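J.: Just dropping this structure here.
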Amino acid sequence: MQIDESKNYSEMWMGTYPSNPSYLLSTGEHLGEYLKNNPQVVGKSVLDRWGPEIPFLPKILSFSKALPLQIHPNLDLAAKLHKQDPKKFGDANHKPEIAIALSKFELFAGWKPLNDIQAHFKLKPLEKFVPTQTHFNDETLRQICKSLLNASPNVVATTIKELQDIPESHFGAYPYIPGLLDRLSKQYTEFDNGNLVAALLMNYLTLGPGDSIFVPADSIHAYLEGDIVECMARSDNVINTGFCPRAERDSVELFSQALTFQPHNAQDALLPRRKSDKGMNGKTDAYAPPISEFAVLCTCLGAGEKETHKSILGPSLMIVTKGCGSMNIPGGKKVELKEGWVFFVGQGVALDFCTEKGMAVYRAYAE
């Protein structure tokens, strides 16, 4: 991809996904081709499971407007959709992902607790979206979500207006809902169905730098504002139904059928940050989601500090997100590190980092 220095970009991809692959700076070779010609660099475990490939896709995202309300199909559905429409669904893989905040990060992830949602939908403007049944459960929630997404533009706008006329105290633990509806409406108009789904049904979270979330396959989410490191299984499949033009939305029926109901509260959406045994000097944390495709290391160094990463038994992709420094690799070679620089690291390579002024490095890996 040719970079136009006069333009702003909201995403930077790293890895081997065909629509936006990485290339070796030294030779111009496609990273995927390099791995095919040198399969030993991914390590035996990764080679046996995924072939000469990087099984994850790291990105840097920067956005000030809500990204589409979406889910990513699970393995079974992804295979089915890829077979039916390979142009739109370009692979047969699932796409569980994590997002790590580099700045203040606002987002919607998963569902509010069921009891809280049930209380919201006793409000007069929302009663019409509730199916007639005795028990309020996740299937009720599926039908409510479907009804909100199928509502006409005028019904959406009228409902938002009616909710904004209700005192904030009537929204229980969520007094922010009327104000949030106003904010979202200004971004995507008061006619966007995603406004109601996100504000009423989903967990609204504000994370600080270093905080992170895990989004399982088929889990509803929408990122609102911030700068993040994102990493996912190697896929670009997505089903959108809000915060985007109507012509770009996918089938509400497909979206509704694919939904799962995890997580079902804000706390369960968070991914803990723990010290990693990959860092020899205690300067490295790990974000390890409950999937096999990847984990992410974060090394933050102050002025004059050093860190060593033990060798990893699989491939990794590393980006410097702040500051500068240097990296020593086996053979006595010293490599300069600067903000925005990206490195592929083959299996079995130990790395020594040092910095005079401070530096932050994120490294996604599989083994």
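Every chain in the structure tokens has a letter given in the order shown (A, B, ...), and although residue numbers restart at 1 in each chain, ligands are simply numbered from 1 in the order shown.
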So that I can check the secondary structure, give me every residue of range 74-304 of chain A assigned helix (DSSP H, G or I) by backbone DSSP, as an MDAnalysis selection string.

T.: chainID A and resid 75:84 114:120 124:129 138:150 153:164 168:171 177:188 193:201 246:248 252:258 266:269

J.: At a cut-off of 8 Å, using only C-alpha atoms, what residues contact range 214-222 of chain A? Leave out same-chain residues fewer than 2 positions from it and give the result as a ChimeraX atom specification.

T.: /A:66-74,94-99,107-111,198,202,212,224,258-263,269-271,289

J.: From a DSSP pass on the backbone, collect the residues of range 52-139 of chain A flagged as strand (DSSP E) and hand them back as a VMD selection string.

T.: chain A and resid 56 to 63 69 to 71 97 to 101 105 to 111

J.: Those residues with C-alpha atoms, as a JSON list (two decimals), in the first residue's frame please?

T.:
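Ended up saving to selection-v5.json:
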[["chain", "number", "residue", "atom", "x", "y", "z"],
["A", 56, "PHE", "CA", -3.15, -13.68, 14.30],
["A", 57, "LEU", "CA", -3.65, -10.15, 12.97],
["A", 58, "PRO", "CA", -2.44, -7.19, 15.07],
["A", 59, "LYS", "CA", -3.59, -3.64, 14.32],
["A", 60, "ILE", "CA", -3.27, -0.10, 15.61],
["A", 61, "LEU", "CA", -6.59, 1.79, 15.53],
["A", 62, "SER", "CA", -7.24, 5.49, 16.09],
["A", 63, "PHE", "CA", -10.81, 6.81, 15.83],
["A", 69, "LEU", "CA", -21.99, -2.09, 15.65],
["A", 70, "GLN", "CA", -20.88, -5.61, 14.82],
["A", 71, "ILE", "CA", -20.19, -9.24, 15.55],
["A", 97, "GLU", "CA", -10.12, -10.28, 19.48],
["A", 98, "ILE", "CA", -8.63, -8.17, 22.22],
["A", 99, "ALA", "CA", -8.34, -4.38, 22.38],
["A", 100, "ILE", "CA", -5.72, -2.68, 24.57],
["A", 101, "ALA", "CA", -6.13, 1.04, 25.28],
["A", 105, "PHE", "CA", -10.88, 4.35, 25.15],
["A", 106, "GLU", "CA", -14.69, 4.38, 25.05],
["A", 107, "LEU", "CA", -16.58, 1.37, 23.76],
["A", 108, "PHE", "CA", -19.61, -0.86, 23.92],
["A", 109, "ALA", "CA", -18.94, -4.55, 24.61],
["A", 110, "GLY", "CA", -21.34, -7.38, 25.40],
["A", 111, "TRP", "CA", -24.66, -7.08, 27.20]]

J.: A:Cys145, A:Val335, A:Met280, A:Leu205: which is nearest Lys310 in chain A, counting only C-alpha atoms?

T.: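 That would be A:Met280, the residue with the smallest distance to Lys310 in chain A.
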
J.: What lies within 12 Å of Lys275 in chain A using only C-alpha atoms, ignoring chain neighbours under 4 positions off, as a PyMOL selection string?

T.: chain A and resi 279-288+296-300

J.: May I have the residues from that selection written out with N, CA, C and O atoms, as an mmCIF file, in the first residue's frame?

T.:
data_model
loop_
_atom_site.group_PDB
_atom_site.id
_atom_site.type_symbol
_atom_site.label_atom_id
_atom_site.label_comp_id
_atom_site.auth_asym_id
_atom_site.auth_seq_id
_atom_site.Cartn_x
_atom_site.Cartn_y
_atom_site.Cartn_z
ATOM 1 N N GLY A 279 9.400 -11.787 30.307
ATOM 2 C CA GLY A 279 10.278 -10.657 30.612
ATOM 3 C C GLY A 279 11.172 -10.974 31.792
ATOM 4 O O GLY A 279 10.688 -11.272 32.887
ATOM 5 N N MET A 280 12.480 -10.902 31.597
ATOM 6 C CA MET A 280 13.428 -11.317 32.629
ATOM 7 C C MET A 280 13.614 -10.270 33.722
ATOM 8 O O MET A 280 14.021 -10.594 34.834
ATOM 9 N N ASN A 281 13.295 -8.992 33.425
ATOM 10 C CA ASN A 281 13.529 -7.922 34.397
ATOM 11 C C ASN A 281 12.241 -7.368 34.998
ATOM 12 O O ASN A 281 12.257 -6.307 35.630
ATOM 13 N N GLY A 282 11.132 -8.065 34.794
ATOM 14 C CA GLY A 282 9.872 -7.644 35.403
ATOM 15 C C GLY A 282 9.226 -6.432 34.770
ATOM 16 O O GLY A 282 8.332 -5.819 35.356
ATOM 17 N N LYS A 283 9.634 -6.075 33.557
ATOM 18 C CA LYS A 283 9.092 -4.889 32.877
ATOM 19 C C LYS A 283 8.058 -5.247 31.808
ATOM 20 O O LYS A 283 7.621 -4.376 31.053
ATOM 21 N N THR A 284 7.659 -6.511 31.756
ATOM 22 C CA THR A 284 6.779 -6.979 30.687
ATOM 23 C C THR A 284 5.507 -7.579 31.251
ATOM 24 O O THR A 284 5.559 -8.445 32.131
ATOM 25 N N ASP A 285 4.374 -7.121 30.748
ATOM 26 C CA ASP A 285 3.063 -7.665 31.101
ATOM 27 C C ASP A 285 2.511 -8.469 29.933
ATOM 28 O O ASP A 285 2.915 -8.295 28.773
ATOM 29 N N ALA A 286 1.549 -9.344 30.249
ATOM 30 C CA ALA A 286 0.928 -10.176 29.224
ATOM 31 C C ALA A 286 -0.578 -9.994 29.236
ATOM 32 O O ALA A 286 -1.203 -9.873 30.298
ATOM 33 N N TYR A 287 -1.152 -9.969 28.046
ATOM 34 C CA TYR A 287 -2.598 -10.023 27.844
ATOM 35 C C TYR A 287 -2.862 -11.364 27.153
ATOM 36 O O TYR A 287 -2.494 -11.551 25.992
ATOM 37 N N ALA A 288 -3.456 -12.292 27.885
ATOM 38 C CA ALA A 288 -3.607 -13.656 27.382
ATOM 39 C C ALA A 288 -5.083 -14.050 27.338
ATOM 40 O O ALA A 288 -5.645 -14.505 28.336
ATOM 41 N N VAL A 296 -0.522 -11.232 23.825
ATOM 42 C CA VAL A 296 0.181 -9.981 23.545
ATOM 43 C C VAL A 296 1.015 -9.586 24.761
ATOM 44 O O VAL A 296 0.518 -9.574 25.892
ATOM 45 N N LEU A 297 2.280 -9.251 24.506
ATOM 46 C CA LEU A 297 3.169 -8.732 25.535
ATOM 47 C C LEU A 297 3.246 -7.215 25.436
ATOM 48 O O LEU A 297 3.209 -6.654 24.340
ATOM 49 N N CYS A 298 3.366 -6.571 26.591
ATOM 50 C CA CYS A 298 3.577 -5.118 26.635
ATOM 51 C C CYS A 298 4.788 -4.841 27.519
ATOM 52 O O CYS A 298 4.790 -5.212 28.699
ATOM 53 N N THR A 299 5.798 -4.230 26.942
ATOM 54 C CA THR A 299 7.003 -3.849 27.683
ATOM 55 C C THR A 299 7.083 -2.331 27.754
ATOM 56 O O THR A 299 7.169 -1.662 26.721
ATOM 57 N N CYS A 300 7.011 -1.793 28.961
ATOM 58 C CA CYS A 300 7.097 -0.343 29.176
ATOM 59 C C CYS A 300 8.362 -0.041 29.965
ATOM 60 O O CYS A 300 8.519 -0.521 31.102
#

J.: Which residue is closest to Ala266 in chain A? Choose from A:Ser22, A:Thr206, A:Ser235, A:Gln84 and count only C-alpha atoms.

T.: A:Thr206

J.: Identify, on the basis of only C-alpha atoms, every residue whose closest approach to Ser326 in chain A does not exceed 8 Å; exclude the query and any residue fewer than 2 positions from it along the same chain; express the result as a list in words.

T.: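 In the requested format, the answer is Cys324, Asn328, Lys334, Val335, Glu336, Leu337, Phe353, Cys354 and Thr355 of chain A.
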
J.: Kindly save the residues from that selection, with all heavy atoms included, as a PDB file, in the first residue's frame.

T.:
ATOM      1  N   CYS A 324      11.712   5.602  21.982  1.00  0.00           N
ATOM      2  CA  CYS A 324      12.732   5.023  21.111  1.00  0.00           C
ATOM      3  C   CYS A 324      13.767   4.308  21.972  1.00  0.00           C
ATOM      4  O   CYS A 324      13.827   4.477  23.188  1.00  0.00           O
ATOM      5  CB  CYS A 324      13.399   6.107  20.250  1.00  0.00           C
ATOM      6  SG  CYS A 324      14.219   7.398  21.214  1.00  0.00           S
ATOM      7  N   ASN A 328      19.056  -5.611  21.046  1.00  0.00           N
ATOM      8  CA  ASN A 328      20.145  -6.516  20.705  1.00  0.00           C
ATOM      9  C   ASN A 328      19.569  -7.894  20.408  1.00  0.00           C
ATOM     10  O   ASN A 328      18.705  -8.396  21.143  1.00  0.00           O
ATOM     11  CB  ASN A 328      21.146  -6.621  21.853  1.00  0.00           C
ATOM     12  CG  ASN A 328      21.905  -5.323  22.066  1.00  0.00           C
ATOM     13  OD1 ASN A 328      22.282  -4.658  21.109  1.00  0.00           O
ATOM     14  ND2 ASN A 328      22.114  -4.963  23.323  1.00  0.00           N
ATOM     15  N   LYS A 334      22.832  -5.031  16.800  1.00  0.00           N
ATOM     16  CA  LYS A 334      22.036  -4.042  17.511  1.00  0.00           C
ATOM     17  C   LYS A 334      21.118  -3.346  16.524  1.00  0.00           C
ATOM     18  O   LYS A 334      21.561  -2.860  15.487  1.00  0.00           O
ATOM     19  CB  LYS A 334      22.948  -3.026  18.191  1.00  0.00           C
ATOM     20  CG  LYS A 334      22.235  -2.038  19.112  1.00  0.00           C
ATOM     21  CD  LYS A 334      23.252  -1.175  19.845  1.00  0.00           C
ATOM     22  CE  LYS A 334      22.576  -0.239  20.835  1.00  0.00           C
ATOM     23  NZ  LYS A 334      23.563   0.575  21.584  1.00  0.00           N
ATOM     24  N   VAL A 335      19.810  -3.286  16.853  1.00  0.00           N
ATOM     25  CA  VAL A 335      18.800  -2.734  15.960  1.00  0.00           C
ATOM     26  C   VAL A 335      18.171  -1.515  16.620  1.00  0.00           C
ATOM     27  O   VAL A 335      17.789  -1.558  17.793  1.00  0.00           O
ATOM     28  CB  VAL A 335      17.712  -3.780  15.641  1.00  0.00           C
ATOM     29  CG1 VAL A 335      16.639  -3.175  14.737  1.00  0.00           C
ATOM     30  CG2 VAL A 335      18.320  -5.009  15.001  1.00  0.00           C
ATOM     31  N   GLU A 336      18.056  -0.422  15.876  1.00  0.00           N
ATOM     32  CA  GLU A 336      17.416   0.789  16.388  1.00  0.00           C
ATOM     33  C   GLU A 336      15.904   0.597  16.460  1.00  0.00           C
ATOM     34  O   GLU A 336      15.306  -0.060  15.600  1.00  0.00           O
ATOM     35  CB  GLU A 336      17.741   1.970  15.476  1.00  0.00           C
ATOM     36  CG  GLU A 336      17.263   3.320  16.006  1.00  0.00           C
ATOM     37  CD  GLU A 336      17.615   4.464  15.071  1.00  0.00           C
ATOM     38  OE1 GLU A 336      18.047   4.207  13.926  1.00  0.00           O
ATOM     39  OE2 GLU A 336      17.461   5.629  15.502  1.00  0.00           O
ATOM     40  N   LEU A 337      15.268   1.160  17.489  1.00  0.00           N
ATOM     41  CA  LEU A 337      13.816   1.106  17.648  1.00  0.00           C
ATOM     42  C   LEU A 337      13.261   2.520  17.708  1.00  0.00           C
ATOM     43  O   LEU A 337      13.765   3.352  18.458  1.00  0.00           O
ATOM     44  CB  LEU A 337      13.426   0.364  18.935  1.00  0.00           C
ATOM     45  CG  LEU A 337      13.908  -1.075  19.088  1.00  0.00           C
ATOM     46  CD1 LEU A 337      13.461  -1.626  20.432  1.00  0.00           C
ATOM     47  CD2 LEU A 337      13.385  -1.949  17.961  1.00  0.00           C
ATOM     48  N   PHE A 353      16.277  -5.307  25.212  1.00  0.00           N
ATOM     49  CA  PHE A 353      15.846  -3.942  24.943  1.00  0.00           C
ATOM     50  C   PHE A 353      16.538  -2.972  25.902  1.00  0.00           C
ATOM     51  O   PHE A 353      16.725  -3.290  27.085  1.00  0.00           O
ATOM     52  CB  PHE A 353      14.336  -3.794  25.150  1.00  0.00           C
ATOM     53  CG  PHE A 353      13.499  -4.705  24.288  1.00  0.00           C
ATOM     54  CD1 PHE A 353      13.011  -5.904  24.787  1.00  0.00           C
ATOM     55  CD2 PHE A 353      13.183  -4.361  22.980  1.00  0.00           C
ATOM     56  CE1 PHE A 353      12.232  -6.738  24.015  1.00  0.00           C
ATOM     57  CE2 PHE A 353      12.395  -5.183  22.185  1.00  0.00           C
ATOM     58  CZ  PHE A 353      11.918  -6.380  22.706  1.00  0.00           C
ATOM     59  N   CYS A 354      16.851  -1.776  25.414  1.00  0.00           N
ATOM     60  CA  CYS A 354      17.303  -0.705  26.293  1.00  0.00           C
ATOM     61  C   CYS A 354      16.878   0.629  25.695  1.00  0.00           C
ATOM     62  O   CYS A 354      16.641   0.747  24.492  1.00  0.00           O
ATOM     63  CB  CYS A 354      18.826  -0.751  26.507  1.00  0.00           C
ATOM     64  SG  CYS A 354      19.807  -0.507  25.020  1.00  0.00           S
ATOM     65  N   THR A 355      16.740   1.625  26.557  1.00  0.00           N
ATOM     66  CA  THR A 355      16.300   2.937  26.109  1.00  0.00           C
ATOM     67  C   THR A 355      16.898   4.019  27.003  1.00  0.00           C
ATOM     68  O   THR A 355      17.028   3.828  28.218  1.00  0.00           O
ATOM     69  CB  THR A 355      14.764   3.049  26.124  1.00  0.00           C
ATOM     70  OG1 THR A 355      14.369   4.379  25.792  1.00  0.00           O
ATOM     71  CG2 THR A 355      14.186   2.699  27.486  1.00  0.00           C
TER      72      THR A 355
END

J.: Calculate how many Å separate CA of Ala78 in chain A from CA of Glu253 in chain A, rounding to one decimal.

T.: 15.7 Å
